[in-house]
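For reference, input_10.cif is printed below; it contains mmCIF, C-alpha atoms and all ligand atoms; chains and numbers go by the auth columns.
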data_structure
#
loop_
_atom_site.group_PDB
_atom_site.id
_atom_site.type_symbol
_atom_site.label_atom_id
_atom_site.label_comp_id
_atom_site.label_asym_id
_atom_site.label_seq_id
_atom_site.Cartn_x
_atom_site.Cartn_y
_atom_site.Cartn_z
_atom_site.B_iso_or_equiv
_atom_site.auth_seq_id
_atom_site.auth_asym_id
ATOM 1 C CA MET A 1 114.913 24.586 154.863 0.00 1 K
ATOM 2 C CA GLU A 2 115.564 21.130 153.357 0.00 2 K
ATOM 3 C CA GLY A 3 113.870 22.394 150.167 0.00 3 K
ATOM 4 C CA ILE A 4 116.362 25.226 149.780 0.00 4 K
ATOM 5 C CA LYS A 5 119.313 22.894 150.453 0.00 5 K
ATOM 6 C CA ASP A 6 117.983 20.456 147.829 0.00 6 K
ATOM 7 C CA LYS A 7 117.618 23.282 145.319 0.00 7 K
ATOM 8 C CA ILE A 8 121.180 24.483 145.993 0.00 8 K
ATOM 9 C CA ARG A 9 122.498 20.922 145.586 0.00 9 K
ATOM 10 C CA ILE A 10 120.657 20.491 142.258 0.00 10 K
ATOM 11 C CA MET A 11 122.017 23.836 140.986 0.00 11 K
ATOM 12 C CA GLU A 12 125.557 22.859 142.067 0.00 12 K
ATOM 13 C CA ASP A 13 125.208 19.555 140.197 0.00 13 K
ATOM 14 C CA ILE A 14 123.924 21.321 137.061 0.00 14 K
ATOM 15 C CA HIS A 15 126.825 23.801 137.146 0.00 15 K
ATOM 16 C CA SER A 16 129.445 21.164 137.805 0.00 16 K
ATOM 17 C CA GLU A 17 128.223 18.926 134.933 0.00 17 K
ATOM 18 C CA ASN A 18 127.993 21.981 132.664 0.00 18 K
ATOM 19 C CA ASN A 19 131.521 23.069 133.593 0.00 19 K
ATOM 20 C CA SER A 20 133.075 19.699 132.911 0.00 20 K
ATOM 21 C CA ILE A 21 131.458 19.571 129.426 0.00 21 K
ATOM 22 C CA ALA A 22 132.520 23.208 128.831 0.00 22 K
ATOM 23 C CA LYS A 23 136.121 22.286 129.707 0.00 23 K
ATOM 24 C CA ALA A 24 136.083 19.420 127.194 0.00 24 K
ATOM 25 C CA ILE A 25 134.649 21.708 124.461 0.00 25 K
ATOM 26 C CA ASN A 26 137.284 24.329 125.239 0.00 26 K
ATOM 27 C CA LYS A 27 140.038 21.732 124.922 0.00 27 K
ATOM 28 C CA LEU A 28 138.677 20.423 121.619 0.00 28 K
ATOM 29 C CA LEU A 29 138.364 23.943 120.163 0.00 29 K
ATOM 30 C CA SER A 30 141.799 24.907 121.483 0.00 30 K
ATOM 31 C CA ASN A 31 143.335 21.857 119.820 0.00 31 K
ATOM 32 C CA LYS A 32 141.755 22.921 116.525 0.00 32 K
ATOM 33 C CA GLY A 33 142.967 26.528 116.960 0.00 33 K
ATOM 34 C CA ILE A 34 139.388 27.836 117.039 0.00 34 K
ATOM 35 C CA PHE A 35 139.235 30.953 119.230 0.00 35 K
ATOM 36 C CA THR A 36 135.731 31.008 120.679 0.00 36 K
ATOM 37 C CA ILE A 37 133.772 34.063 121.793 0.00 37 K
ATOM 38 C CA ASN A 38 130.607 33.889 123.892 0.00 38 K
ATOM 39 C CA VAL A 39 128.599 36.934 122.752 0.00 39 K
ATOM 40 C CA MET A 40 126.195 38.154 125.426 0.00 40 K
ATOM 41 C CA GLY A 41 123.820 41.099 125.679 0.00 41 K
ATOM 42 C CA ALA A 42 120.213 42.160 126.046 0.00 42 K
ATOM 43 C CA PRO A 43 117.748 41.483 123.207 0.00 43 K
ATOM 44 C CA GLY A 44 118.300 44.098 120.499 0.00 44 K
ATOM 45 C CA SER A 45 121.587 45.412 121.930 0.00 45 K
ATOM 46 C CA GLY A 46 123.255 44.635 118.591 0.00 46 K
ATOM 47 C CA LYS A 47 124.800 41.170 118.977 0.00 47 K
ATOM 48 C CA THR A 48 124.058 39.975 115.427 0.00 48 K
ATOM 49 C CA SER A 49 124.911 43.379 113.940 0.00 49 K
ATOM 50 C CA ALA A 50 128.235 43.408 115.825 0.00 50 K
ATOM 51 C CA LEU A 51 129.101 39.905 114.573 0.00 51 K
ATOM 52 C CA LYS A 52 128.535 41.110 111.029 0.00 52 K
ATOM 53 C CA GLN A 53 130.859 44.077 111.612 0.00 53 K
ATOM 54 C CA LEU A 54 133.570 41.900 113.174 0.00 54 K
ATOM 55 C CA ILE A 55 133.379 39.381 110.327 0.00 55 K
ATOM 56 C CA LYS A 56 133.839 42.239 107.838 0.00 56 K
ATOM 57 C CA ALA A 57 136.676 43.763 109.873 0.00 57 K
ATOM 58 C CA LEU A 58 138.680 40.504 109.893 0.00 58 K
ATOM 59 C CA PRO A 59 138.667 39.425 106.233 0.00 59 K
ATOM 60 C CA ASP A 60 141.752 37.211 106.576 0.00 60 K
ATOM 61 C CA VAL A 61 140.205 35.083 109.341 0.00 61 K
ATOM 62 C CA LYS A 62 137.951 32.030 108.955 0.00 62 K
ATOM 63 C CA HIS A 63 134.717 32.691 110.874 0.00 63 K
ATOM 64 C CA TYR A 64 132.081 30.343 112.263 0.00 64 K
ATOM 65 C CA VAL A 65 128.866 31.282 114.056 0.00 65 K
ATOM 66 C CA ILE A 66 126.511 29.478 116.409 0.00 66 K
ATOM 67 C CA GLU A 67 123.253 31.385 116.793 0.00 67 K
ATOM 68 C CA GLY A 68 121.263 30.897 119.996 0.00 68 K
ATOM 69 C CA ASP A 69 117.636 31.982 120.009 0.00 69 K
ATOM 70 C CA ILE A 70 114.574 30.894 121.925 0.00 70 K
ATOM 71 C CA GLU A 71 112.822 30.540 118.544 0.00 71 K
ATOM 72 C CA SER A 72 113.404 31.400 114.860 0.00 72 K
ATOM 73 C CA ASP A 73 116.406 31.244 112.541 0.00 73 K
ATOM 74 C CA ILE A 74 116.294 34.878 111.393 0.00 74 K
ATOM 75 C CA ASP A 75 119.800 35.735 112.646 0.00 75 K
ATOM 76 C CA ALA A 76 121.371 32.503 111.357 0.00 76 K
ATOM 77 C CA GLU A 77 119.920 33.113 107.879 0.00 77 K
ATOM 78 C CA GLU A 78 121.306 36.667 107.922 0.00 78 K
ATOM 79 C CA ILE A 79 124.814 35.461 108.790 0.00 79 K
ATOM 80 C CA LYS A 80 124.619 32.595 106.274 0.00 80 K
ATOM 81 C CA ARG A 81 123.943 35.155 103.545 0.00 81 K
ATOM 82 C CA MET A 82 127.473 36.469 104.251 0.00 82 K
ATOM 83 C CA GLY A 83 128.824 33.031 103.291 0.00 83 K
ATOM 84 C CA ILE A 84 129.619 32.066 106.891 0.00 84 K
ATOM 85 C CA GLU A 85 129.021 28.555 108.226 0.00 85 K
ATOM 86 C CA THR A 86 126.291 29.044 110.822 0.00 86 K
ATOM 87 C CA TYR A 87 124.542 26.618 113.151 0.00 87 K
ATOM 88 C CA GLN A 88 121.181 27.512 114.721 0.00 88 K
ATOM 89 C CA ILE A 89 120.210 26.423 118.225 0.00 89 K
ATOM 90 C CA ASN A 90 116.641 27.015 119.401 0.00 90 K
ATOM 91 C CA THR A 91 116.112 26.575 123.139 0.00 91 K
ATOM 92 C CA PHE A 92 112.288 26.844 122.985 0.00 92 K
ATOM 93 C CA GLY A 93 112.078 28.681 126.300 0.00 93 K
ATOM 94 C CA ALA A 94 115.439 28.309 128.035 0.00 94 K
ATOM 95 C CA CYS A 95 116.999 31.711 128.665 0.00 95 K
ATOM 96 C CA HIS A 96 120.659 30.751 128.069 0.00 96 K
ATOM 97 C CA LEU A 97 122.850 28.368 126.088 0.00 97 K
ATOM 98 C CA ASP A 98 124.604 25.627 128.014 0.00 98 K
ATOM 99 C CA ALA A 99 127.599 23.415 127.333 0.00 99 K
ATOM 100 C CA PRO A 100 125.628 20.269 126.333 0.00 100 K
ATOM 101 C CA LEU A 101 123.899 22.288 123.570 0.00 101 K
ATOM 102 C CA ILE A 102 127.228 23.630 122.300 0.00 102 K
ATOM 103 C CA GLU A 103 128.762 20.151 122.422 0.00 103 K
ATOM 104 C CA ILE A 104 126.114 18.952 119.927 0.00 104 K
ATOM 105 C CA ALA A 105 126.534 22.029 117.702 0.00 105 K
ATOM 106 C CA VAL A 106 130.323 21.734 117.612 0.00 106 K
ATOM 107 C CA SER A 107 130.164 18.009 116.798 0.00 107 K
ATOM 108 C CA GLN A 108 127.842 18.712 113.856 0.00 108 K
ATOM 109 C CA MET A 109 129.736 21.689 112.403 0.00 109 K
ATOM 110 C CA GLY A 110 132.543 21.089 109.962 0.00 110 K
ATOM 111 C CA LEU A 111 135.070 23.097 111.937 0.00 111 K
ATOM 112 C CA ALA A 112 138.408 23.186 110.122 0.00 112 K
ATOM 113 C CA GLU A 113 141.664 24.198 111.807 0.00 113 K
ATOM 114 C CA ASN A 114 142.191 27.816 112.918 0.00 114 K
ATOM 115 C CA GLY A 115 139.536 30.488 113.003 0.00 115 K
ATOM 116 C CA VAL A 116 137.120 32.343 115.213 0.00 116 K
ATOM 117 C CA LEU A 117 133.836 30.868 116.445 0.00 117 K
ATOM 118 C CA TYR A 118 131.243 33.359 117.700 0.00 118 K
ATOM 119 C CA ILE A 119 128.443 31.969 119.832 0.00 119 K
ATOM 120 C CA GLU A 120 125.559 34.457 119.996 0.00 120 K
ATOM 121 C CA ASN A 121 123.890 33.655 123.306 0.00 121 K
ATOM 122 C CA ILE A 122 120.204 34.163 124.094 0.00 122 K
ATOM 123 C CA GLY A 123 119.384 37.878 124.482 0.00 123 K
ATOM 124 C CA ASN A 124 119.418 38.238 128.247 0.00 124 K
ATOM 125 C CA LEU A 125 121.713 39.998 130.732 0.00 125 K
ATOM 126 C CA VAL A 126 121.206 37.456 133.522 0.00 126 K
ATOM 127 C CA CYS A 127 121.455 33.696 132.839 0.00 127 K
ATOM 128 C CA PRO A 128 124.055 33.542 130.006 0.00 128 K
ATOM 129 C CA ALA A 129 126.678 34.988 132.371 0.00 129 K
ATOM 130 C CA GLU A 130 126.219 32.038 134.745 0.00 130 K
ATOM 131 C CA PHE A 131 127.106 29.283 132.255 0.00 131 K
ATOM 132 C CA ASN A 132 130.467 28.605 130.629 0.00 132 K
ATOM 133 C CA ILE A 133 129.978 27.093 127.183 0.00 133 K
ATOM 134 C CA GLY A 134 133.568 26.290 126.241 0.00 134 K
ATOM 135 C CA GLU A 135 134.506 29.809 125.186 0.00 135 K
ATOM 136 C CA HIS A 136 137.909 31.449 125.424 0.00 136 K
ATOM 137 C CA ILE A 137 136.441 34.913 126.079 0.00 137 K
ATOM 138 C CA LYS A 138 133.106 36.563 126.819 0.00 138 K
ATOM 139 C CA LEU A 139 132.120 39.623 124.766 0.00 139 K
ATOM 140 C CA LEU A 140 129.369 41.721 126.328 0.00 140 K
ATOM 141 C CA ILE A 141 127.377 44.104 124.156 0.00 141 K
ATOM 142 C CA CYS A 142 125.532 46.919 125.864 0.00 142 K
ATOM 143 C CA SER A 143 123.849 49.746 123.975 0.00 143 K
ATOM 144 C CA VAL A 144 123.389 53.358 124.941 0.00 144 K
ATOM 145 C CA THR A 145 119.655 52.790 124.367 0.00 145 K
ATOM 146 C CA ASP A 146 119.692 50.199 127.197 0.00 146 K
ATOM 147 C CA GLY A 147 120.523 52.961 129.737 0.00 147 K
ATOM 148 C CA GLY A 148 123.614 53.616 131.867 0.00 148 K
ATOM 149 C CA ASP A 149 122.318 51.751 134.918 0.00 149 K
ATOM 150 C CA LYS A 150 122.794 48.245 133.501 0.00 150 K
ATOM 151 C CA PRO A 151 126.139 47.457 135.241 0.00 151 K
ATOM 152 C CA TYR A 152 124.479 48.244 138.574 0.00 152 K
ATOM 153 C CA LYS A 153 121.454 46.052 137.849 0.00 153 K
ATOM 154 C CA TYR A 154 123.120 43.105 136.085 0.00 154 K
ATOM 155 C CA PRO A 155 126.567 42.952 137.705 0.00 155 K
ATOM 156 C CA LEU A 156 127.560 39.374 136.842 0.00 156 K
ATOM 157 C CA ALA A 157 127.517 39.938 133.072 0.00 157 K
ATOM 158 C CA PHE A 158 129.806 42.968 133.466 0.00 158 K
ATOM 159 C CA GLU A 159 132.035 41.235 136.018 0.00 159 K
ATOM 160 C CA LYS A 160 132.625 38.240 133.747 0.00 160 K
ATOM 161 C CA ALA A 161 133.115 40.119 130.457 0.00 161 K
ATOM 162 C CA ASP A 162 136.554 40.115 128.816 0.00 162 K
ATOM 163 C CA ILE A 163 135.537 42.778 126.293 0.00 163 K
ATOM 164 C CA ILE A 164 132.631 45.232 126.520 0.00 164 K
ATOM 165 C CA LEU A 165 131.093 47.083 123.592 0.00 165 K
ATOM 166 C CA LEU A 166 129.129 50.234 124.255 0.00 166 K
ATOM 167 C CA ASN A 167 127.066 50.116 121.079 0.00 167 K
ATOM 168 C CA LYS A 168 124.646 52.384 119.180 0.00 168 K
ATOM 169 C CA MET A 169 126.902 55.395 119.809 0.00 169 K
ATOM 170 C CA ASP A 170 125.353 57.013 116.710 0.00 170 K
ATOM 171 C CA LEU A 171 122.171 57.439 118.793 0.00 171 K
ATOM 172 C CA VAL A 172 123.755 58.868 121.944 0.00 172 K
ATOM 173 C CA GLN A 173 123.089 62.469 120.896 0.00 173 K
ATOM 174 C CA TYR A 174 119.333 61.817 121.118 0.00 174 K
ATOM 175 C CA LEU A 175 119.468 60.242 124.594 0.00 175 K
ATOM 176 C CA ASP A 176 120.269 61.258 128.153 0.00 176 K
ATOM 177 C CA PHE A 177 122.810 58.427 128.477 0.00 177 K
ATOM 178 C CA ASP A 178 125.216 59.163 131.374 0.00 178 K
ATOM 179 C CA GLU A 179 128.525 57.694 130.209 0.00 179 K
ATOM 180 C CA ASP A 180 130.421 58.536 133.438 0.00 180 K
ATOM 181 C CA PHE A 181 127.790 56.751 135.509 0.00 181 K
ATOM 182 C CA PHE A 182 127.944 53.749 133.164 0.00 182 K
ATOM 183 C CA MET A 183 131.757 53.595 133.255 0.00 183 K
ATOM 184 C CA LYS A 184 131.866 53.961 137.064 0.00 184 K
ATOM 185 C CA GLY A 185 129.462 51.024 137.276 0.00 185 K
ATOM 186 C CA VAL A 186 131.583 48.958 134.887 0.00 186 K
ATOM 187 C CA ARG A 187 134.871 49.694 136.659 0.00 187 K
ATOM 188 C CA ARG A 188 133.448 48.870 140.122 0.00 188 K
ATOM 189 C CA LEU A 189 132.982 45.333 138.779 0.00 189 K
ATOM 190 C CA ASN A 190 135.636 44.906 136.162 0.00 190 K
ATOM 191 C CA LYS A 191 138.967 46.745 136.180 0.00 191 K
ATOM 192 C CA SER A 192 140.503 45.226 133.092 0.00 192 K
ATOM 193 C CA ALA A 193 137.998 44.594 130.265 0.00 193 K
ATOM 194 C CA PRO A 194 138.458 47.170 127.491 0.00 194 K
ATOM 195 C CA VAL A 195 135.297 49.110 126.632 0.00 195 K
ATOM 196 C CA PHE A 196 134.995 49.944 122.925 0.00 196 K
ATOM 197 C CA LYS A 197 132.473 52.564 121.817 0.00 197 K
ATOM 198 C CA THR A 198 130.876 51.229 118.645 0.00 198 K
ATOM 199 C CA SER A 199 128.180 51.867 116.095 0.00 199 K
ATOM 200 C CA CYS A 200 126.974 49.051 113.882 0.00 200 K
ATOM 201 C CA ARG A 201 125.285 51.719 111.785 0.00 201 K
ATOM 202 C CA SER A 202 128.511 53.553 110.870 0.00 202 K
ATOM 203 C CA GLY A 203 131.015 50.782 111.658 0.00 203 K
ATOM 204 C CA ASP A 204 132.849 53.094 114.095 0.00 204 K
ATOM 205 C CA GLY A 205 134.881 51.304 116.740 0.00 205 K
ATOM 206 C CA PHE A 206 134.984 47.920 115.023 0.00 206 K
ATOM 207 C CA GLU A 207 138.478 48.271 113.593 0.00 207 K
ATOM 208 C CA ASP A 208 139.856 48.668 117.131 0.00 208 K
ATOM 209 C CA THR A 209 137.604 45.925 118.531 0.00 209 K
ATOM 210 C CA ALA A 210 138.637 43.521 115.776 0.00 210 K
ATOM 211 C CA ALA A 211 142.336 44.350 116.265 0.00 211 K
ATOM 212 C CA HIS A 212 142.006 43.636 119.989 0.00 212 K
ATOM 213 C CA ILE A 213 140.218 40.333 119.337 0.00 213 K
ATOM 214 C CA LYS A 214 142.902 39.362 116.835 0.00 214 K
ATOM 215 C CA SER A 215 145.653 40.148 119.330 0.00 215 K
ATOM 216 C CA LEU A 216 143.945 37.970 121.958 0.00 216 K
ATOM 217 C CA PHE A 217 143.478 35.226 119.392 0.00 217 K
ATOM 218 C CA LEU A 218 147.172 35.343 118.444 0.00 218 K
ATOM 219 C CA LYS A 219 148.562 35.501 121.971 0.00 219 K
ATOM 220 C CA HIS A 220 146.039 33.137 123.533 0.00 220 K
ATOM 221 C CA GLU A 221 147.563 29.763 124.172 0.00 221 K
ATOM 222 C CA ILE A 222 144.894 27.796 122.419 0.00 222 K
HETATM 223 N N1 LIG B . 121.299 52.970 115.118 0.00 1 E
HETATM 224 C C1 LIG B . 121.855 51.798 115.414 0.00 1 E
HETATM 225 N N2 LIG B . 121.101 50.677 115.325 0.00 1 E
HETATM 226 C C2 LIG B . 121.703 49.505 115.644 0.00 1 E
HETATM 227 C C3 LIG B . 123.045 49.407 116.043 0.00 1 E
HETATM 228 N N3 LIG B . 123.331 48.116 116.308 0.00 1 E
HETATM 229 C C4 LIG B . 122.216 47.421 116.057 0.00 1 E
HETATM 230 N N4 LIG B . 121.223 48.251 115.656 0.00 1 E
HETATM 231 C C5 LIG B . 119.840 47.897 115.305 0.00 1 E
HETATM 232 O O1 LIG B . 119.233 47.368 116.474 0.00 1 E
HETATM 233 C C6 LIG B . 118.347 46.309 116.114 0.00 1 E
HETATM 234 C C7 LIG B . 118.740 45.050 116.843 0.00 1 E
HETATM 235 O O2 LIG B . 120.020 44.639 116.409 0.00 1 E
HETATM 236 P P1 LIG B . 120.490 43.136 116.429 0.00 1 E
HETATM 237 O O3 LIG B . 121.884 43.097 115.922 0.00 1 E
HETATM 238 O O4 LIG B . 119.480 42.270 115.760 0.00 1 E
HETATM 239 O O5 LIG B . 120.465 42.860 118.001 0.00 1 E
HETATM 240 P P2 LIG B . 120.526 41.475 118.825 0.00 1 E
HETATM 241 O O6 LIG B . 119.115 41.124 119.169 0.00 1 E
HETATM 242 O O7 LIG B . 121.325 41.806 120.041 0.00 1 E
HETATM 243 O O8 LIG B . 121.193 40.474 117.944 0.00 1 E
HETATM 244 C C8 LIG B . 118.415 46.162 114.607 0.00 1 E
HETATM 245 O O9 LIG B . 117.360 46.906 114.027 0.00 1 E
HETATM 246 C C9 LIG B . 119.762 46.795 114.265 0.00 1 E
HETATM 247 O O10 LIG B . 119.810 47.329 112.958 0.00 1 E
HETATM 248 C C10 LIG B . 123.813 50.610 116.111 0.00 1 E
HETATM 249 O O11 LIG B . 124.988 50.649 116.474 0.00 1 E
HETATM 250 N N5 LIG B . 123.156 51.779 115.799 0.00 1 E
HETATM 251 MG MG MG B . 120.584 38.550 117.305 0.00 2 E
#
Translate this file's structure into C-alpha cells.
Amino acid sequence: MEGIKDKIRIMEDIHSENNSIAKAINKLLSNKGIFTINVMGAPGSGKTSALKQLIKALPDVKHYVIEGDIESDIDAEEIKRMGIETYQINTFGACHLDAPLIEIAVSQMGLAENGVLYIENIGNLVCPAEFNIGEHIKLLICSVTDGGDKPYKYPLAFEKADIILLNKMDLVQYLDFDEDFFMKGVRRLNKSAPVFKTSCRSGDGFEDTAAHIKSLFLKHEI
C-alpha cells in the first residue's frame, strides 16, 4: 500500500512542477502575444498535414512550430521548407512533451511579438492530454481512419480539447465510420469544443477551422 501512496505522491509532484513551469511559459507567451496551440492526436492522424493547411489558411499571421517526436526531424524539415521557424524536440522514448522541454525550446527560438505557435505533441492519445505545456488551447486531431470508438477509449484527450478536427473526410466513403456514434462519444465528454470535418488532401474544412482559431486568437486575453 505504501508503494502505491509513494507512486501517487511522485506523480503529484511531477504534475505540480510541470504545471508551475507551464504557467510561466503561458505568461511569457501571452506577454509576447504568441497564441499557442498544443496539437494532439494519434500517430498518422494528420497533425503535421493539418499544421501545413492552417499555415496556408492564415497567410497574414506569423507562424512558429515546435515539433515533438520520439525520434527523427522529418516533420520539422517539412515545415521548415515552408519558410516557417521550426524547433525540433526529440524525447527518445518519452510519450509526451512536458513543460520543461517547451521552456528550453521557447528560450532558444527567436519568437518575435504576435503570432501563432503550434506545438505538435508526440503522436499518442493518452499521455499528451495529461500535461499542460504552456498552451492557450488544445487542438485534437482524430481521423475517420482511427475509428469512431476513440472518444470512448481515450476520454481525457476529448474532454480536454478546445477544438476537435475530424480529419481524412475524403476517405470516409471507403470506411464504415459511424459519425453519430463518434459525435455521441465526443459530446458525452465535451459539450463545447467545435468539431470541424477536414481533409488535408482537399483542404476542405480548414478555412472554417482557421477562422475559428483566428477569432480565439483575437478575443483571447493574451
Ligand atoms: N487521404 C488523406 N490523407 C491524409 C490526410 N491527412 C493526412 N493524411 C496522410 O496521412 C499520413 C500521416 O499524416 P501526418 O500529417 O504525417 O500525420 P501525423 O503523424 O499526425 O503528423 C500522411 O501520409 C498524410 O499525407 C487527409 O485528410 N486525407
Ligand atoms: Mg507529424
Nearest to K:Glu67, chosen from K:Leu97, K:Glu120, K:His15, K:Met40, with only C-alpha atoms counted in the distances | K:Glu120
Nearest-residue call for ligand LIG 1 (chain E), choices K:Ile14, K:Ile4, K:Ala42, K:Ala99, using all atoms listed in the file |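 When distances to ligand LIG 1 (chain E) are compared using all atoms listed in the file, the smallest one comes from K:Ala42.
Evaluating the PyMOL selection byres (((chain K and resi 152) around 12) and not hetatm) against the shown model yields Leu125, Gly147, Gly148, Asp149, Lys150, Pro151, Lys153, Tyr154, Pro155, Leu156, Ala157, Phe158, Glu159, Phe181, Phe182, Met183, Lys184, Gly185, Val186, Arg187, Arg188, Leu189 and Asn190 of chain K.
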Given a cut-off of 9 Å, what residues near ligand MG 2 (chain E) show up using only C-alpha atoms and all ligand atoms, put as a compact mmCIF listing (two decimals) with C-alpha atoms, keeping the file's coordinate frame?
# COMPACT_ATOMS: atom_id res chain seq x y z
CA PRO K 43 117.75 41.48 123.21
CA GLY K 44 118.30 44.10 120.50
CA SER K 45 121.59 45.41 121.93
CA GLY K 46 123.26 44.64 118.59
CA LYS K 47 124.80 41.17 118.98
CA THR K 48 124.06 39.98 115.43
CA SER K 49 124.91 43.38 113.94
CA GLU K 67 123.25 31.38 116.79
CA GLY K 68 121.26 30.90 120.00
CA ASP K 69 117.64 31.98 120.01
CA ILE K 74 116.29 34.88 111.39
CA ASP K 75 119.80 35.74 112.65
CA ALA K 76 121.37 32.50 111.36
CA GLU K 120 125.56 34.46 120.00
CA ASN K 121 123.89 33.66 123.31
CA ILE K 122 120.20 34.16 124.09
CA GLY K 123 119.38 37.88 124.48
Residues within 10 Å of stretch 196-210 of chain K, all atoms listed in the file, excluding chain neighbours under 2 positions, as a VMD selection string | chain K and resid 46 to 58 141 to 144 163 to 171 193 to 194 212 to 216
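Between atom CA of K:Leu218 and atom CA of K:Phe35 the interatomic distance comes to 9.1 Å.
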Please determine an axis-aligned box that encloses all atoms of ligand LIG 1 (chain E) listed in the file, with 5 Å added on each side, and express its centre and edge lengths in Å to one decimal as lines of an AutoDock Vina configuration file.
center_x = 121.2
center_y = 46.7
center_z = 116.5
size_x = 17.6
size_y = 22.5
size_z = 17.1
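Atom CA of K:Gln108 lies 29.3 Å from atom C6 of ligand LIG 1 (chain E).
Take the candidates K:Gly83, K:Gly41, K:Pro128, K:Gly93 and check each one against ligand LIG 1 (chain E) using all atoms listed in the file; the shortest distance goes to K:Gly41.
One distance worth recording is that between atom CA of K:Lys80 and atom CA of K:Asn18, which is 28.6 Å.
With all atoms listed in the file as the basis for measurement, K:Tyr174 is the residue among K:Tyr174, K:Tyr64, K:Tyr87, K:Phe92 that approaches ligand LIG 1 (chain E) most closely.
Closest approach to ligand LIG 1 (chain E) among K:Val106, K:Ala161, K:Ala112, K:Ile70 is made by K:Ile70 (distances from all atoms listed in the file).
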Could you state which residues are captured by the PyMOL selection byres (((chain K and resi 103) around 9) and not hetatm) in this file, as a PyMOL selection string?
-> chain K and resi 21-22+24-25+98-102+104-108+133-134
